[in-house]
Amino acid sequence: MAESDVARIRRQIEDNSLLPALPVSQGALSVLGSVLYPYQKLVQSSTPPSARRGMLLATIEKLRTRITTLSSQGAEGTRLLLTGEEVSIIDQALTFFIQSIKSMVPASQQRDETLEACRHLQFLMKETFHLRQ
């Protein structure tokens with residue numbers, strides 16, 4: 001992320017301290033980064049080329065980059081500010097990931113715990129950003 005982007009994001013966070021923000025752990029950031037990549041590939045392969053698809057893919061890539069940057073900084077309790085479009089993208093990515101894991105990974109305690117953690121993260125996002133459930 002360019003230095004000017006970092007400064008802009010910090011200024012927005014300070015200026016918009018009352019906006020909803022999701023407090024996320026390093027683990028949650030890692031999960032978000034991990035689920036966005038396969039979702040990006042799904043959008044790329046299943047959506048016909050268009051200006052909308054190009055903008056969506058660019059938004060997903062910027063979001064992945066931002067999450068990776070936050071994750072690499074290693075600060076616990078990071079507050080993640082998201083646009084409505086980004087919240088929708090993450091929600092769809094988590095839904096796709098959950099469905100994929102349920103159909104591709106044999107039942108096990110580890111699979112079920114992973115799915116439950118993803119559902120919980122999705123619930124927290126919906127609560128924080130007031131999405132319809």
# chains A, B, ... in the order shown; residues from 1 in each chain; ligands from 1
$ select_by_dssp --residues "region 50-103 of chain A" --states "helix (DSSP H, G or I)" --output "PyMOL selection string"
chain A and resi 51-73+84-103
$ residues_around --residues "region 89-102 of chain A" --least-positions-apart "4" --cutoff "8 Å" --atoms "only C-alpha atoms" --output "VMD selection string"
chain A and resid 32 35 to 36 38 to 39 60 85 106 to 107 111 115 118 to 119 122 125
$ select_by_dssp --residues "chain A" --states "strand (DSSP E)" --output "PyMOL selection string"
chain A and resi 22-24+78-80
$ closest_residue --among "A:Gln110, A:Glu116, A:Leu121, A:Gly33" --to "Leu70 (chain A)" --atoms "only C-alpha atoms"
A:Gly33
$ closest_residue --among "A:Asp112, A:Gly74, A:Val87, A:Val105" --to "Glu127 (chain A)" --atoms "only C-alpha atoms"
A:Val87
$ atom_distance --atom1 "CA of Leu80 (chain A)" --atom2 "CA of Leu22 (chain A)"
5.0 Å
$ closest_residue --among "A:Val43, A:Ala28, A:Ala117, A:Met104" --to "Glu61 (chain A)" --atoms "only C-alpha atoms"
A:Val43
